[in-house]
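S.K.: Next comes upload-v4.tsv, TSV, C-alpha atoms and all ligand atoms:
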```tsv
chain	number	residue	atom	x	y	z
Z	1439	MET	CA	128.75	132.56	77.62
Z	1440	PRO	CA	129.00	135.04	80.52
Z	1441	SER	CA	132.12	137.17	80.66
Z	1442	LEU	CA	135.03	135.67	82.57
Z	1443	ARG	CA	136.24	139.05	83.78
Z	1444	PRO	CA	134.19	139.42	87.02
Z	1445	LEU	CA	135.07	135.87	88.04
Z	1446	LEU	CA	138.77	136.40	87.42
Z	1447	SER	CA	138.91	139.54	89.50
Z	1448	LEU	CA	137.05	137.79	92.32
Z	1449	CYS	CA	139.55	134.95	92.02
Z	1450	LEU	CA	142.40	137.32	92.61
Z	1451	LEU	CA	140.75	138.52	95.79
Z	1452	PHE	CA	139.49	135.18	97.16
Z	1453	PRO	CA	141.49	132.42	95.48
Z	1454	VAL	CA	140.80	129.75	98.05
Z	1455	ILE	CA	137.15	130.42	98.67
Z	1456	LEU	CA	136.23	130.36	95.00
Z	1457	THR	CA	136.87	126.84	93.92
Z	1458	GLY	CA	136.80	127.42	90.19
Z	1459	CYS	CA	139.86	129.67	90.23
Z	1460	ASN	CA	142.59	127.34	89.03
Z	1461	ALA	CA	143.59	127.81	85.45
Z	1462	SER	CA	143.21	124.09	84.76
Z	1463	ALA	CA	139.57	123.87	85.85
Z	1464	PRO	CA	137.71	123.31	82.61
Z	1465	ASN	CA	134.90	125.71	81.85
Z	1466	ALA	CA	134.99	127.09	85.36
Z	1467	ALA	CA	132.82	130.03	84.45
Z	1468	GLU	CA	130.33	127.89	82.52
Z	1469	SER	CA	129.83	125.15	85.06
Z	1470	PRO	CA	126.86	125.77	87.36
Z	1471	ASN	CA	128.90	124.24	90.20
Z	1472	ALA	CA	132.06	126.25	89.67
Z	1473	LEU	CA	131.44	128.51	92.62
Z	1474	MET	CA	130.03	125.88	94.92
Z	1475	THR	CA	132.01	124.35	97.70
Z	1476	LEU	CA	132.29	120.60	98.21
Z	1477	LYS	CA	130.10	120.60	101.30
Z	1478	GLU	CA	127.44	122.64	99.53
Z	1479	ARG	CA	127.44	120.29	96.55
Z	1480	TYR	CA	127.03	117.27	98.83
Z	1481	ALA	CA	124.66	118.81	101.35
Z	1482	ASP	CA	121.77	116.64	100.13
Z	1483	PHE	CA	123.84	113.44	100.17
Z	1484	PHE	CA	126.23	113.10	103.13
Z	1485	LEU	CA	128.81	114.97	105.15
Z	1486	VAL	CA	132.12	115.41	103.36
Z	1487	GLY	CA	135.06	115.24	105.73
Z	1488	ALA	CA	138.81	115.53	105.77
Z	1489	THR	CA	141.33	114.29	108.23
Z	1490	ALA	CA	143.43	116.99	109.80
Z	1491	ASP	CA	146.76	116.53	111.50
Z	1492	LEU	CA	148.62	118.21	114.38
Z	1493	GLU	CA	149.35	121.32	112.28
Z	1494	SER	CA	147.38	120.98	109.07
Z	1495	TYR	CA	144.15	122.09	110.73
Z	1496	ILE	CA	145.88	125.49	110.96
Z	1497	THR	CA	147.94	125.55	107.76
Z	1498	HIS	CA	145.00	124.24	105.70
Z	1499	SER	CA	142.21	125.93	107.61
Z	1500	PRO	CA	140.73	127.86	104.65
Z	1501	LEU	CA	140.15	124.61	102.75
Z	1502	LEU	CA	138.82	122.83	105.83
Z	1503	LYS	CA	136.43	125.62	106.67
Z	1504	ASN	CA	135.15	126.21	103.15
Z	1505	HIS	CA	134.86	122.77	101.67
Z	1506	PHE	CA	134.33	120.26	104.44
Z	1507	SER	CA	131.50	119.53	106.84
Z	1508	SER	CA	133.35	117.01	109.00
Z	1509	MET	CA	136.83	116.62	110.44
Z	1510	THR	CA	138.72	113.55	111.70
Z	1511	THR	CA	141.88	113.79	113.79
Z	1512	GLU	CA	144.55	111.93	111.79
Z	1513	ASN	CA	146.97	111.28	114.65
Z	1514	ALA	CA	146.05	113.58	117.54
Z	1515	MET	CA	143.72	111.15	119.30
Z	1516	LYS	CA	145.71	107.97	118.96
Z	1517	PHE	CA	146.71	106.22	122.16
Z	1518	GLU	CA	150.35	107.35	122.18
Z	1519	GLN	CA	149.32	110.96	121.57
Z	1520	LEU	CA	146.84	111.08	124.42
Z	1521	GLN	CA	148.51	108.89	127.04
Z	1522	ASN	CA	152.15	108.29	126.19
Z	1523	ILE	CA	153.03	108.04	129.85
Z	1524	GLU	CA	150.70	105.98	131.99
Z	1525	GLY	CA	148.19	108.18	133.77
Z	1526	GLU	CA	149.38	111.43	132.11
Z	1527	PHE	CA	146.86	112.57	129.55
Z	1528	THR	CA	147.86	115.22	127.01
Z	1529	PHE	CA	144.76	116.72	125.48
Z	1530	GLU	CA	145.98	120.12	124.35
Z	1531	THR	CA	146.43	119.50	120.62
Z	1532	ALA	CA	143.32	117.37	120.28
Z	1533	ASP	CA	141.32	119.96	122.22
Z	1534	ASN	CA	142.54	122.74	119.95
Z	1535	MET	CA	141.60	120.71	116.89
Z	1536	ILE	CA	138.15	119.79	118.13
Z	1537	ASN	CA	137.49	123.36	119.24
Z	1538	PHE	CA	138.51	124.56	115.77
Z	1539	ALA	CA	136.14	122.08	114.15
Z	1540	ARG	CA	133.21	122.94	116.36
Z	1541	GLU	CA	133.74	126.70	116.06
Z	1542	ASN	CA	133.60	126.28	112.30
Z	1543	GLY	CA	130.56	124.02	112.20
Z	1544	LEU	CA	132.37	120.82	111.28
Z	1545	SER	CA	131.10	117.50	112.56
Z	1546	THR	CA	133.80	115.62	114.48
Z	1547	ARG	CA	135.13	112.05	114.17
Z	1548	GLY	CA	137.49	110.83	116.88
Z	1549	HIS	CA	140.12	108.38	115.65
Z	1550	ALA	CA	140.98	105.84	117.08
Z	1551	LEU	CA	140.58	104.50	120.60
Z	1552	VAL	CA	141.90	100.94	120.19
Z	1553	TRP	CA	144.38	100.09	117.45
Z	1554	HIS	CA	147.40	97.79	117.23
Z	1555	ARG	CA	149.64	100.69	116.13
Z	1556	GLN	CA	150.76	103.95	117.73
Z	1557	THR	CA	150.53	102.58	121.25
Z	1558	PRO	CA	153.05	103.21	124.06
Z	1559	ASP	CA	155.18	100.31	125.37
Z	1560	TRP	CA	153.82	100.49	128.92
Z	1561	LEU	CA	150.40	99.44	127.65
Z	1562	PHE	CA	151.36	95.90	126.76
Z	1563	ASN	CA	154.53	95.34	128.79
Z	1564	ASN	CA	155.47	95.64	132.44
Z	1565	SER	CA	158.63	97.51	133.39
Z	1566	ASP	CA	160.49	94.17	133.41
Z	1567	GLY	CA	159.57	93.73	129.72
Z	1568	LYS	CA	157.11	90.90	130.42
Z	1569	PRO	CA	153.62	91.15	128.90
Z	1570	VAL	CA	150.88	92.41	131.18
Z	1571	SER	CA	148.04	90.04	132.10
Z	1572	LYS	CA	144.69	90.07	130.33
Z	1573	ASP	CA	143.02	91.71	133.33
Z	1574	GLU	CA	145.68	94.40	133.49
Z	1575	LEU	CA	145.39	95.17	129.78
Z	1576	LEU	CA	141.60	95.36	129.84
Z	1577	SER	CA	141.73	97.57	132.89
Z	1578	LYS	CA	144.25	99.92	131.22
Z	1579	MET	CA	142.07	99.97	128.12
Z	1580	ARG	CA	138.96	100.81	130.13
Z	1581	ALA	CA	140.79	103.57	131.99
Z	1582	HIS	CA	142.02	105.09	128.72
Z	1583	ILE	CA	138.68	104.95	126.94
Z	1584	THR	CA	136.75	106.26	129.94
Z	1585	THR	CA	139.08	109.22	130.43
Z	1586	VAL	CA	139.31	110.11	126.75
Z	1587	VAL	CA	135.65	109.70	125.80
Z	1588	SER	CA	134.50	111.50	128.97
Z	1589	HIS	CA	136.90	114.35	128.25
Z	1590	PHE	CA	135.38	114.86	124.79
Z	1591	LYS	CA	131.82	114.02	125.82
Z	1592	GLY	CA	129.33	115.94	123.70
Z	1593	ARG	CA	132.10	117.26	121.41
Z	1594	ILE	CA	132.73	114.18	119.25
Z	1595	GLU	CA	129.89	112.92	117.09
Z	1596	ALA	CA	131.51	109.62	116.05
Z	1597	TRP	CA	134.33	107.55	117.50
Z	1598	ASP	CA	136.36	104.92	115.70
Z	1599	VAL	CA	136.40	102.67	118.75
Z	1600	VAL	CA	138.21	99.66	117.33
Z	1601	ASN	CA	140.37	99.93	114.23
Z	1602	GLU	CA	141.61	97.17	111.90
Z	1603	ALA	CA	140.97	93.99	113.92
Z	1604	ILE	CA	140.67	91.73	110.86
Z	1605	MET	CA	143.17	90.47	108.27
Z	1606	ASP	CA	142.83	90.18	104.48
Z	1607	ASP	CA	141.97	86.48	104.61
Z	1608	GLY	CA	139.14	87.12	107.06
Z	1609	THR	CA	140.92	85.83	110.17
Z	1610	MET	CA	141.23	87.94	113.30
Z	1611	ARG	CA	144.40	90.01	113.55
Z	1612	THR	CA	146.54	88.29	116.17
Z	1613	HIS	CA	149.94	88.64	117.81
Z	1614	THR	CA	151.38	86.07	115.39
Z	1615	GLU	CA	151.17	88.11	112.17
Z	1616	GLU	CA	154.41	88.03	110.22
Z	1617	ALA	CA	155.30	91.71	110.09
Z	1618	ASP	CA	155.84	93.45	113.41
Z	1619	ASP	CA	153.62	96.38	112.51
Z	1620	GLN	CA	150.78	93.97	111.76
Z	1621	LYS	CA	150.78	92.19	115.12
Z	1622	SER	CA	147.98	92.87	117.57
Z	1623	ALA	CA	149.04	92.69	121.19
Z	1624	TRP	CA	145.42	93.50	122.11
Z	1625	TYR	CA	144.39	90.14	120.69
Z	1626	GLY	CA	147.53	88.36	121.87
Z	1627	ILE	CA	146.92	89.30	125.48
Z	1628	ALA	CA	143.16	89.71	125.76
Z	1629	GLY	CA	141.72	87.63	122.90
Z	1630	GLU	CA	138.70	88.81	120.94
Z	1631	GLU	CA	136.99	90.05	124.11
Z	1632	TYR	CA	138.75	93.41	123.97
Z	1633	ILE	CA	136.53	94.47	121.08
Z	1634	ALA	CA	133.17	94.21	122.84
Z	1635	GLU	CA	134.68	95.59	126.04
Z	1636	ALA	CA	135.97	98.69	124.20
Z	1637	PHE	CA	132.52	99.48	122.81
Z	1638	HIS	CA	130.77	98.97	126.17
Z	1639	THR	CA	133.27	101.26	127.88
Z	1640	ALA	CA	133.00	104.01	125.26
Z	1641	HIS	CA	129.21	103.88	125.37
Z	1642	ALA	CA	129.15	104.20	129.14
Z	1643	ALA	CA	131.38	107.29	128.93
Z	1644	ASP	CA	129.31	109.10	126.27
Z	1645	PRO	CA	125.98	107.40	125.57
Z	1646	LYS	CA	125.18	109.87	122.78
Z	1647	ALA	CA	128.34	109.41	120.71
Z	1648	LYS	CA	128.06	107.11	117.70
Z	1649	LEU	CA	130.48	104.23	117.97
Z	1650	PHE	CA	132.18	102.77	114.90
Z	1651	TYR	CA	134.19	99.74	113.93
Z	1652	ASN	CA	136.68	100.90	111.26
Z	1653	ASP	CA	138.64	98.78	108.78
Z	1654	TYR	CA	140.30	98.76	105.35
Z	1655	TYR	CA	140.21	96.81	102.03
Z	1656	ASN	CA	136.50	96.16	102.45
Z	1657	TYR	CA	136.32	95.26	98.76
Z	1658	ILE	CA	138.07	91.93	99.45
Z	1659	PRO	CA	135.24	89.37	99.73
Z	1660	ALA	CA	136.79	87.33	102.59
Z	1661	ARG	CA	137.44	90.49	104.56
Z	1662	GLN	CA	133.99	91.97	104.08
Z	1663	GLN	CA	132.35	88.70	105.11
Z	1664	ALA	CA	134.53	88.53	108.24
Z	1665	ILE	CA	133.78	92.16	109.14
Z	1666	PHE	CA	130.08	91.47	108.62
Z	1667	ASN	CA	130.29	88.37	110.85
Z	1668	LEU	CA	132.12	90.27	113.57
Z	1669	LEU	CA	129.60	93.11	113.51
Z	1670	GLN	CA	126.68	90.70	113.51
Z	1671	THR	CA	128.09	88.81	116.48
Z	1672	LEU	CA	128.65	92.05	118.40
Z	1673	LEU	CA	125.11	93.23	117.67
Z	1674	ASN	CA	123.66	89.86	118.68
Z	1675	GLN	CA	125.46	90.27	122.00
Z	1676	ASP	CA	123.93	93.76	122.42
Z	1677	VAL	CA	127.29	95.45	122.10
Z	1678	PRO	CA	126.70	99.16	121.38
Z	1679	VAL	CA	128.10	99.39	117.83
Z	1680	HIS	CA	126.30	102.04	115.81
Z	1681	GLY	CA	128.26	102.23	112.61
Z	1682	VAL	CA	130.97	100.86	110.41
Z	1683	GLY	CA	133.80	102.81	108.83
Z	1684	LEU	CA	135.21	101.76	105.45
Z	1685	GLN	CA	138.62	103.32	104.94
Z	1686	ALA	CA	138.82	103.31	101.09
Z	1687	HIS	CA	142.53	103.86	100.50
Z	1688	ILE	CA	142.44	103.04	96.81
Z	1689	ASN	CA	144.55	103.37	93.70
Z	1690	THR	CA	144.00	105.16	90.44
Z	1691	ILE	CA	144.16	101.81	88.67
Z	1692	PRO	CA	143.55	98.40	90.27
Z	1693	SER	CA	146.47	96.00	90.14
Z	1694	ASN	CA	146.51	93.42	87.35
Z	1695	ASP	CA	148.38	91.03	89.66
Z	1696	PRO	CA	145.61	88.71	90.88
Z	1697	ASN	CA	147.51	88.12	94.12
Z	1698	HIS	CA	147.62	91.79	95.03
Z	1699	GLN	CA	144.80	93.02	97.26
Z	1700	SER	CA	144.10	96.00	95.01
Z	1701	SER	CA	143.19	93.74	92.08
Z	1702	GLN	CA	139.85	93.33	93.87
Z	1703	GLN	CA	139.40	97.04	94.24
Z	1704	SER	CA	136.22	97.75	92.32
Z	1705	VAL	CA	133.24	100.02	92.84
Z	1706	LYS	CA	131.06	96.92	92.76
Z	1707	ASN	CA	132.96	95.12	95.51
Z	1708	LEU	CA	132.97	98.16	97.78
Z	1709	GLU	CA	129.29	98.77	97.16
Z	1710	LYS	CA	128.59	95.18	98.15
Z	1711	ALA	CA	130.38	95.71	101.46
Z	1712	ILE	CA	128.48	98.93	102.12
Z	1713	GLN	CA	125.13	97.28	101.49
Z	1714	LEU	CA	126.04	94.16	103.43
Z	1715	TYR	CA	127.01	96.12	106.55
Z	1716	ALA	CA	124.00	98.42	106.22
Z	1717	SER	CA	121.74	95.35	106.19
Z	1718	LEU	CA	122.65	95.01	109.87
Z	1719	GLY	CA	121.06	98.40	110.49
Z	1720	LEU	CA	124.43	100.10	110.93
Z	1721	GLU	CA	125.30	103.62	109.79
Z	1722	VAL	CA	128.01	103.60	107.12
Z	1723	HIS	CA	130.87	106.11	106.94
Z	1724	ILE	CA	133.59	106.16	104.33
Z	1725	THR	CA	136.37	107.18	106.68
Z	1726	GLU	CA	139.75	107.44	104.96
Z	1727	MET	CA	139.45	107.87	101.23
Z	1728	ASP	CA	142.37	108.74	98.98
Z	1729	VAL	CA	143.35	107.64	95.47
Z	1730	SER	CA	147.05	106.88	95.08
Z	1731	LEU	CA	148.64	107.49	91.70
Z	1732	TYR	CA	150.64	104.28	91.99
Z	1733	ILE	CA	149.49	100.80	90.99
Z	1734	GLY	CA	149.59	98.23	93.80
Z	1735	GLY	CA	152.32	95.61	93.47
Z	1736	PHE	CA	154.05	97.32	90.54
Z	1737	PRO	CA	157.87	97.38	90.99
Z	1738	TYR	CA	158.45	101.13	90.86
Z	1739	THR	CA	162.00	102.44	91.13
Z	1740	GLU	CA	163.03	105.91	92.14
Z	1741	LYS	CA	163.12	107.17	88.57
Z	1742	ASP	CA	159.42	106.31	88.21
Z	1743	TYR	CA	158.31	108.40	91.17
Z	1744	TYR	CA	156.02	111.26	90.27
Z	1745	THR	CA	156.59	114.84	91.18
Z	1746	GLU	CA	153.65	117.16	90.99
Z	1747	ALA	CA	155.06	118.57	87.74
Z	1748	SER	CA	155.62	115.18	86.13
Z	1749	ILE	CA	152.17	113.63	86.60
Z	1750	PRO	CA	150.90	112.88	83.08
Z	1751	GLU	CA	147.59	114.52	82.17
Z	1752	SER	CA	146.21	111.06	81.37
Z	1753	LEU	CA	146.92	109.92	84.94
Z	1754	LYS	CA	145.30	113.02	86.41
Z	1755	LEU	CA	142.26	112.17	84.33
Z	1756	LYS	CA	142.31	108.55	85.49
Z	1757	GLN	CA	142.44	109.70	89.10
Z	1758	ALA	CA	139.53	112.03	88.44
Z	1759	GLU	CA	137.52	109.23	86.82
Z	1760	ARG	CA	138.24	106.92	89.75
Z	1761	TYR	CA	137.03	109.53	92.25
Z	1762	ALA	CA	133.96	110.18	90.08
Z	1763	ALA	CA	133.07	106.49	89.84
Z	1764	PHE	CA	133.31	105.91	93.60
Z	1765	PHE	CA	131.47	109.12	94.48
Z	1766	GLU	CA	128.71	108.24	92.02
Z	1767	MET	CA	128.27	104.97	93.92
Z	1768	PHE	CA	128.38	106.79	97.27
Z	1769	ARG	CA	125.63	109.16	96.11
Z	1770	ARG	CA	123.57	106.22	94.90
Z	1771	ASN	CA	123.83	104.79	98.44
Z	1772	SER	CA	123.38	108.05	100.27
Z	1773	ASP	CA	120.39	106.64	102.13
Z	1774	ILE	CA	122.85	104.45	104.04
Z	1775	ILE	CA	126.09	106.47	103.84
Z	1776	ALA	CA	126.10	109.39	106.27
Z	1777	SER	CA	129.65	110.66	105.80
Z	1778	VAL	CA	132.55	110.44	103.33
Z	1779	THR	CA	135.97	111.53	104.62
Z	1780	LEU	CA	139.16	112.14	102.64
Z	1781	TRP	CA	142.35	111.04	104.41
Z	1782	GLY	CA	144.00	114.43	104.18
Z	1783	ILE	CA	143.15	117.90	102.96
Z	1784	ALA	CA	145.61	118.62	100.15
Z	1785	ASP	CA	148.49	116.84	98.40
Z	1786	ASP	CA	151.18	118.63	100.43
Z	1787	ASN	CA	150.12	116.65	103.49
Z	1788	THR	CA	149.37	112.99	102.91
Z	1789	TRP	CA	150.45	109.82	104.72
Z	1790	LEU	CA	151.17	108.31	101.28
Z	1791	SER	CA	154.21	110.57	100.96
Z	1792	GLU	CA	155.52	109.59	104.41
Z	1793	PHE	CA	157.28	106.37	103.39
Z	1794	ASP	CA	161.04	105.92	103.82
Z	1795	SER	CA	161.44	105.44	100.06
Z	1796	GLY	CA	160.80	109.16	99.68
Z	1797	ARG	CA	158.14	108.45	97.06
Z	1798	ALA	CA	155.72	111.34	96.81
Z	1799	ASP	CA	152.07	110.72	96.10
Z	1800	PHE	CA	149.26	113.07	95.11
Z	1801	PRO	CA	146.08	111.29	96.18
Z	1802	LEU	CA	143.69	114.06	97.27
Z	1803	LEU	CA	141.26	116.57	95.74
Z	1804	PHE	CA	143.44	119.67	96.20
Z	1805	ASP	CA	147.03	120.07	94.99
Z	1806	THR	CA	150.09	121.14	96.98
Z	1807	GLN	CA	149.14	124.78	96.37
Z	1808	HIS	CA	145.68	124.02	97.79
Z	1809	GLN	CA	144.03	124.46	94.40
Z	1810	PRO	CA	141.26	122.12	93.23
Z	1811	LYS	CA	142.39	119.31	90.93
Z	1812	LYS	CA	140.65	117.50	88.10
Z	1813	ALA	CA	139.54	115.00	90.74
Z	1814	PHE	CA	137.73	117.81	92.54
Z	1815	ASP	CA	136.00	118.93	89.35
Z	1816	ALA	CA	135.04	115.33	88.64
Z	1817	ILE	CA	133.12	114.85	91.87
Z	1818	MET	CA	131.52	118.29	91.65
Z	1819	ASN	CA	130.19	117.95	88.12
Z	1820	PHE	CA	127.38	115.45	88.09
Z	1901	LIG	O1	147.87	108.99	108.38
Z	1901	LIG	C1	148.47	108.37	109.50
Z	1901	LIG	C2	149.98	108.57	109.45
Z	1901	LIG	O2	150.31	109.94	109.59
Z	1901	LIG	C3	150.63	107.74	110.54
Z	1901	LIG	O3	152.05	107.84	110.40
Z	1901	LIG	C4	150.19	106.31	110.42
Z	1901	LIG	C5	150.84	105.46	111.50
Z	1901	LIG	O4	150.46	104.18	111.42
Z	1901	LIG	O5	148.78	106.23	110.52
Z	1901	LIG	C6	148.13	106.89	109.46
Z	1901	LIG	O6	146.74	106.76	109.54
Z	1901	LIG	C7	146.21	105.45	109.41
Z	1901	LIG	C8	144.93	105.40	110.21
Z	1901	LIG	O7	145.16	105.81	111.52
Z	1901	LIG	C9	144.31	104.02	110.18
Z	1901	LIG	N1	144.13	103.57	108.84
Z	1901	LIG	C10	145.28	103.66	107.96
Z	1901	LIG	C11	145.83	105.08	107.97
Z	1901	LIG	C12	146.94	105.25	106.96
Z	1901	LIG	O8	148.03	104.44	107.32
```
Would you mind giving the structure from this file in structure tokens?
M.R.:
Amino acid sequence: MPSLRPLLSLCLLFPVILTGCNASAPNAAESPNALMTLKERYADFFLVGATADLESYITHSPLLKNHFSSMTTENAMKFEQLQNIEGEFTFETADNMINFARENGLSTRGHALVWHRQTPDWLFNNSDGKPVSKDELLSKMRAHITTVVSHFKGRIEAWDVVNEAIMDDGTMRTHTEEADDQKSAWYGIAGEEYIAEAFHTAHAADPKAKLFYNDYYNYIPARQQAIFNLLQTLLNQDVPVHGVGLQAHINTIPSNDPNHQSSQQSVKNLEKAIQLYASLGLEVHITEMDVSLYIGGFPYTEKDYYTEASIPESLKLKQAERYAAFFEMFRRNSDIIASVTLWGIADDNTWLSEFDSGRADFPLLFDTQHQPKKAFDAIMNF
């Protein structure tokens, strides 16, 4: 066994660059991959991305620069961020982020042009509170997409053009969904037409950008069939869709409640979706992966919430195994998967800890101190 001493002194000097520096990394000095970065390890398979937020691209820049080959903007390119007031575009933050990515050789994913959430009121309602007409909405949508995609022309490799248009049972997301944050005013006002129109408009503004349809829970059979049908219909109508994004927000353990969506969360079901979509000739990106420590549908109370210090070793291992199993499948399908993105960079900045309950989650590959976790080791050692 080579001496640990040179590695340890290097670790003191460059703790973030050298990935095998955390005390918990097993056999760091012995593993041939201990000093490799994530993007180096996956260079022969696909891009490995992370989503960065308004500040995390600065606070987490060493990790982003060293380990990732792609960057998605988590919130900075959503409708309300770019055009909160009609006609007034605010590009500064998104520009800074994209410039950072490009200066550091990261591929760029723009997220998301048309979504039912994070939209300003003026988009769907007139000043008297009445809904705008279909023509007005489509014209506002075209104006937004044209301005945004033209602004970033040549600087964004892939756009999530339409996000989450389908429901778990395979029906279109409409304005009549039960929960307010699930309702789609796009559909309510414009009908399904807005989807094709969004892609045509984005393509006209930047013909070289790859245009994606992005959605979640692709492991649910009814959902994956509906997404396939939608994509097939769009392609048959010559709509310029080039790829499909599978979000992959998953859990360490699938739910054992058969009525909970995550009970269907298996490697096999997700692989089926990937291969089904790819059969249409589309490029596949895994766009928003994270692995929550919590089991879907389980009635947790505050006393059950994990802190970083209280996560049992067995659960850390389970999370690592889950990452390993999905990444093994991604590698096996690397002829059709071009990019795998984590929804966050490190556990100190994850949407899963944003809920009102105050429940913290630790779903990523790096811990709150930006050190690699068991999950990181698990996808590096194959
Ligand atoms: O991570 C995003 C979080 O910071 C926002 O508060 C949230 C608002 O809805 O959106 C999160 O990102 C979502 C993404 O845009 C689309 N897929 C689901 C993501 C997680 O909710």
S.K.: Using only C-alpha atoms, find the one residue out of Z:Asn1513, Z:Thr1639, Z:Asn1674, Z:Thr1489 that sits nearest to Val1586 (chain Z).
M.R.: Z:Thr1639
S.K.: Could you give me, as a tab-separated table, a per-residue list for chain Z showing, wherever an atom lies at most 10 Å from an atom of ligand LIG 1901 (chain Z), the closest pair of atoms and their distance in Å to one decimal, using only C-alpha atoms and all ligand atoms and sorting by chain then residue number from low to high?
M.R.:
```
residue	atom	partner	partner_atom	distance
Z:Thr1489	CA	Z:LIG1901	O1	8.4
Z:Ala1490	CA	Z:LIG1901	O1	9.3
Z:Asp1491	CA	Z:LIG1901	O2	7.7
Z:Leu1492	CA	Z:LIG1901	O2	9.7
Z:Thr1511	CA	Z:LIG1901	O7	8.9
Z:Glu1512	CA	Z:LIG1901	O1	5.6
Z:Asn1513	CA	Z:LIG1901	C1	6.1
Z:Ala1514	CA	Z:LIG1901	O2	9.7
Z:Met1515	CA	Z:LIG1901	O7	9.5
Z:Lys1516	CA	Z:LIG1901	O7	7.8
Z:His1549	CA	Z:LIG1901	O7	7.0
Z:Ala1550	CA	Z:LIG1901	O7	7.0
Z:Trp1553	CA	Z:LIG1901	C9	8.3
Z:His1554	CA	Z:LIG1901	O4	9.2
Z:Arg1555	CA	Z:LIG1901	O4	5.9
Z:Gln1556	CA	Z:LIG1901	O4	6.3
Z:Thr1557	CA	Z:LIG1901	O4	10.0
Z:Asp1598	CA	Z:LIG1901	C9	9.7
Z:Asn1601	CA	Z:LIG1901	C9	7.0
Z:Glu1602	CA	Z:LIG1901	N1	7.5
Z:Asp1619	CA	Z:LIG1901	O4	8.5
Z:Asn1652	CA	Z:LIG1901	N1	8.3
Z:Asp1653	CA	Z:LIG1901	N1	7.3
Z:Tyr1654	CA	Z:LIG1901	N1	7.1
Z:Leu1684	CA	Z:LIG1901	N1	9.7
Z:Gln1685	CA	Z:LIG1901	N1	6.8
Z:Ala1686	CA	Z:LIG1901	N1	9.4
Z:His1687	CA	Z:LIG1901	C12	7.9
Z:Thr1725	CA	Z:LIG1901	N1	8.8
Z:Glu1726	CA	Z:LIG1901	N1	7.0
Z:Met1727	CA	Z:LIG1901	C11	9.7
Z:Asp1728	CA	Z:LIG1901	C12	9.8
Z:Trp1781	CA	Z:LIG1901	O1	7.1
Z:Gly1782	CA	Z:LIG1901	O1	7.9
Z:Asn1787	CA	Z:LIG1901	O2	9.1
Z:Thr1788	CA	Z:LIG1901	O1	6.9
Z:Trp1789	CA	Z:LIG1901	O1	4.6
Z:Leu1790	CA	Z:LIG1901	C12	7.7
Z:Ser1791	CA	Z:LIG1901	O2	9.5
Z:Glu1792	CA	Z:LIG1901	O3	7.1
Z:Phe1793	CA	Z:LIG1901	O3	8.9
```
S.K.: Interatomic distance between CA of Trp1597 (chain Z) and CA of Ser1571 (chain Z)?
M.R.: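 Result for CA of Trp1597 (chain Z) versus CA of Ser1571 (chain Z): 26.6 Å, one decimal.
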S.K.: Could you check which of Z:Ile1496, Z:Leu1673, Z:Ile1633, Z:Glu1616 is closest to Leu1576 (chain Z), using all atoms listed in the file?
M.R.: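 For Leu1576 (chain Z), the nearest of the candidates is Z:Ile1633.
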S.K.: Write out as a PyMOL selection string each polymer residue whose atoms come within 10 Å of Ser1693 (chain Z), counting all atoms listed in the file; drop sequence neighbours fewer than 5 positions from it.
M.R.: chain Z and resi 1698-1703+1732-1736
S.K.: From the options Z:Ser1704, Z:Ser1748, Z:Ser1494, Z:Thr1609, which residue's atoms come nearest to Asn1667 (chain Z), counting all atoms listed in the file?
M.R.: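 Of the candidates, the smallest distance to Asn1667 (chain Z) is held by Z:Thr1609.
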S.K.: Mind pulling up the distance from CA of His1582 (chain Z) to CA of Pro1558 (chain Z)?
M.R.: 12.1 Å
S.K.: Given the choices Z:Asn1537, Z:Ala1634, Z:Ala1617, Z:Phe1529, which gets closest to Thr1585 (chain Z) if the distance is worked out from all atoms listed in the file?
M.R.: Z:Phe1529
S.K.: Using all atoms listed in the file, which residues sit within 12 Å of Leu1753 (chain Z) once same-chain residues fewer than 2 positions away are excluded, as a compact mmCIF listing (two decimals) with C-alpha atoms, in the coordinates of the input?
M.R.:
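See part.txt below for the written result:
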```txt
# COMPACT_ATOMS: atom_id res chain seq x y z
CA ASN Z 1689 144.55 103.37 93.70
CA THR Z 1690 144.00 105.16 90.44
CA ILE Z 1691 144.16 101.81 88.67
CA VAL Z 1729 143.35 107.64 95.47
CA SER Z 1730 147.05 106.88 95.08
CA LEU Z 1731 148.64 107.49 91.70
CA TYR Z 1732 150.64 104.28 91.99
CA ILE Z 1733 149.49 100.80 90.99
CA TYR Z 1744 156.02 111.26 90.27
CA GLU Z 1746 153.65 117.16 90.99
CA SER Z 1748 155.62 115.18 86.13
CA ILE Z 1749 152.17 113.63 86.60
CA PRO Z 1750 150.90 112.88 83.08
CA GLU Z 1751 147.59 114.52 82.17
CA LEU Z 1755 142.26 112.17 84.33
CA LYS Z 1756 142.31 108.55 85.49
CA GLN Z 1757 142.44 109.70 89.10
CA ALA Z 1758 139.53 112.03 88.44
CA GLU Z 1759 137.52 109.23 86.82
CA ARG Z 1760 138.24 106.92 89.75
CA PHE Z 1800 149.26 113.07 95.11
CA PRO Z 1801 146.08 111.29 96.18
CA LYS Z 1812 140.65 117.50 88.10
CA ALA Z 1813 139.54 115.00 90.74
```
S.K.: Which of these, Z:Ala1539, Z:Met1610, Z:Met1579, Z:Leu1802, has the shortest distance to Gln1521 (chain Z) once you count all atoms listed in the file?
M.R.: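 For Gln1521 (chain Z), the nearest of the candidates is Z:Met1579.
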S.K.: So, counting only C-alpha atoms, which residue among Z:Glu1595, Z:Glu1615, Z:Asp1676, Z:Glu1541 is closest to Ser1499 (chain Z)?
M.R.: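 Of Z:Glu1595, Z:Glu1615, Z:Asp1676, Z:Glu1541, the one nearest Ser1499 (chain Z), counting only C-alpha atoms, is Z:Glu1541.
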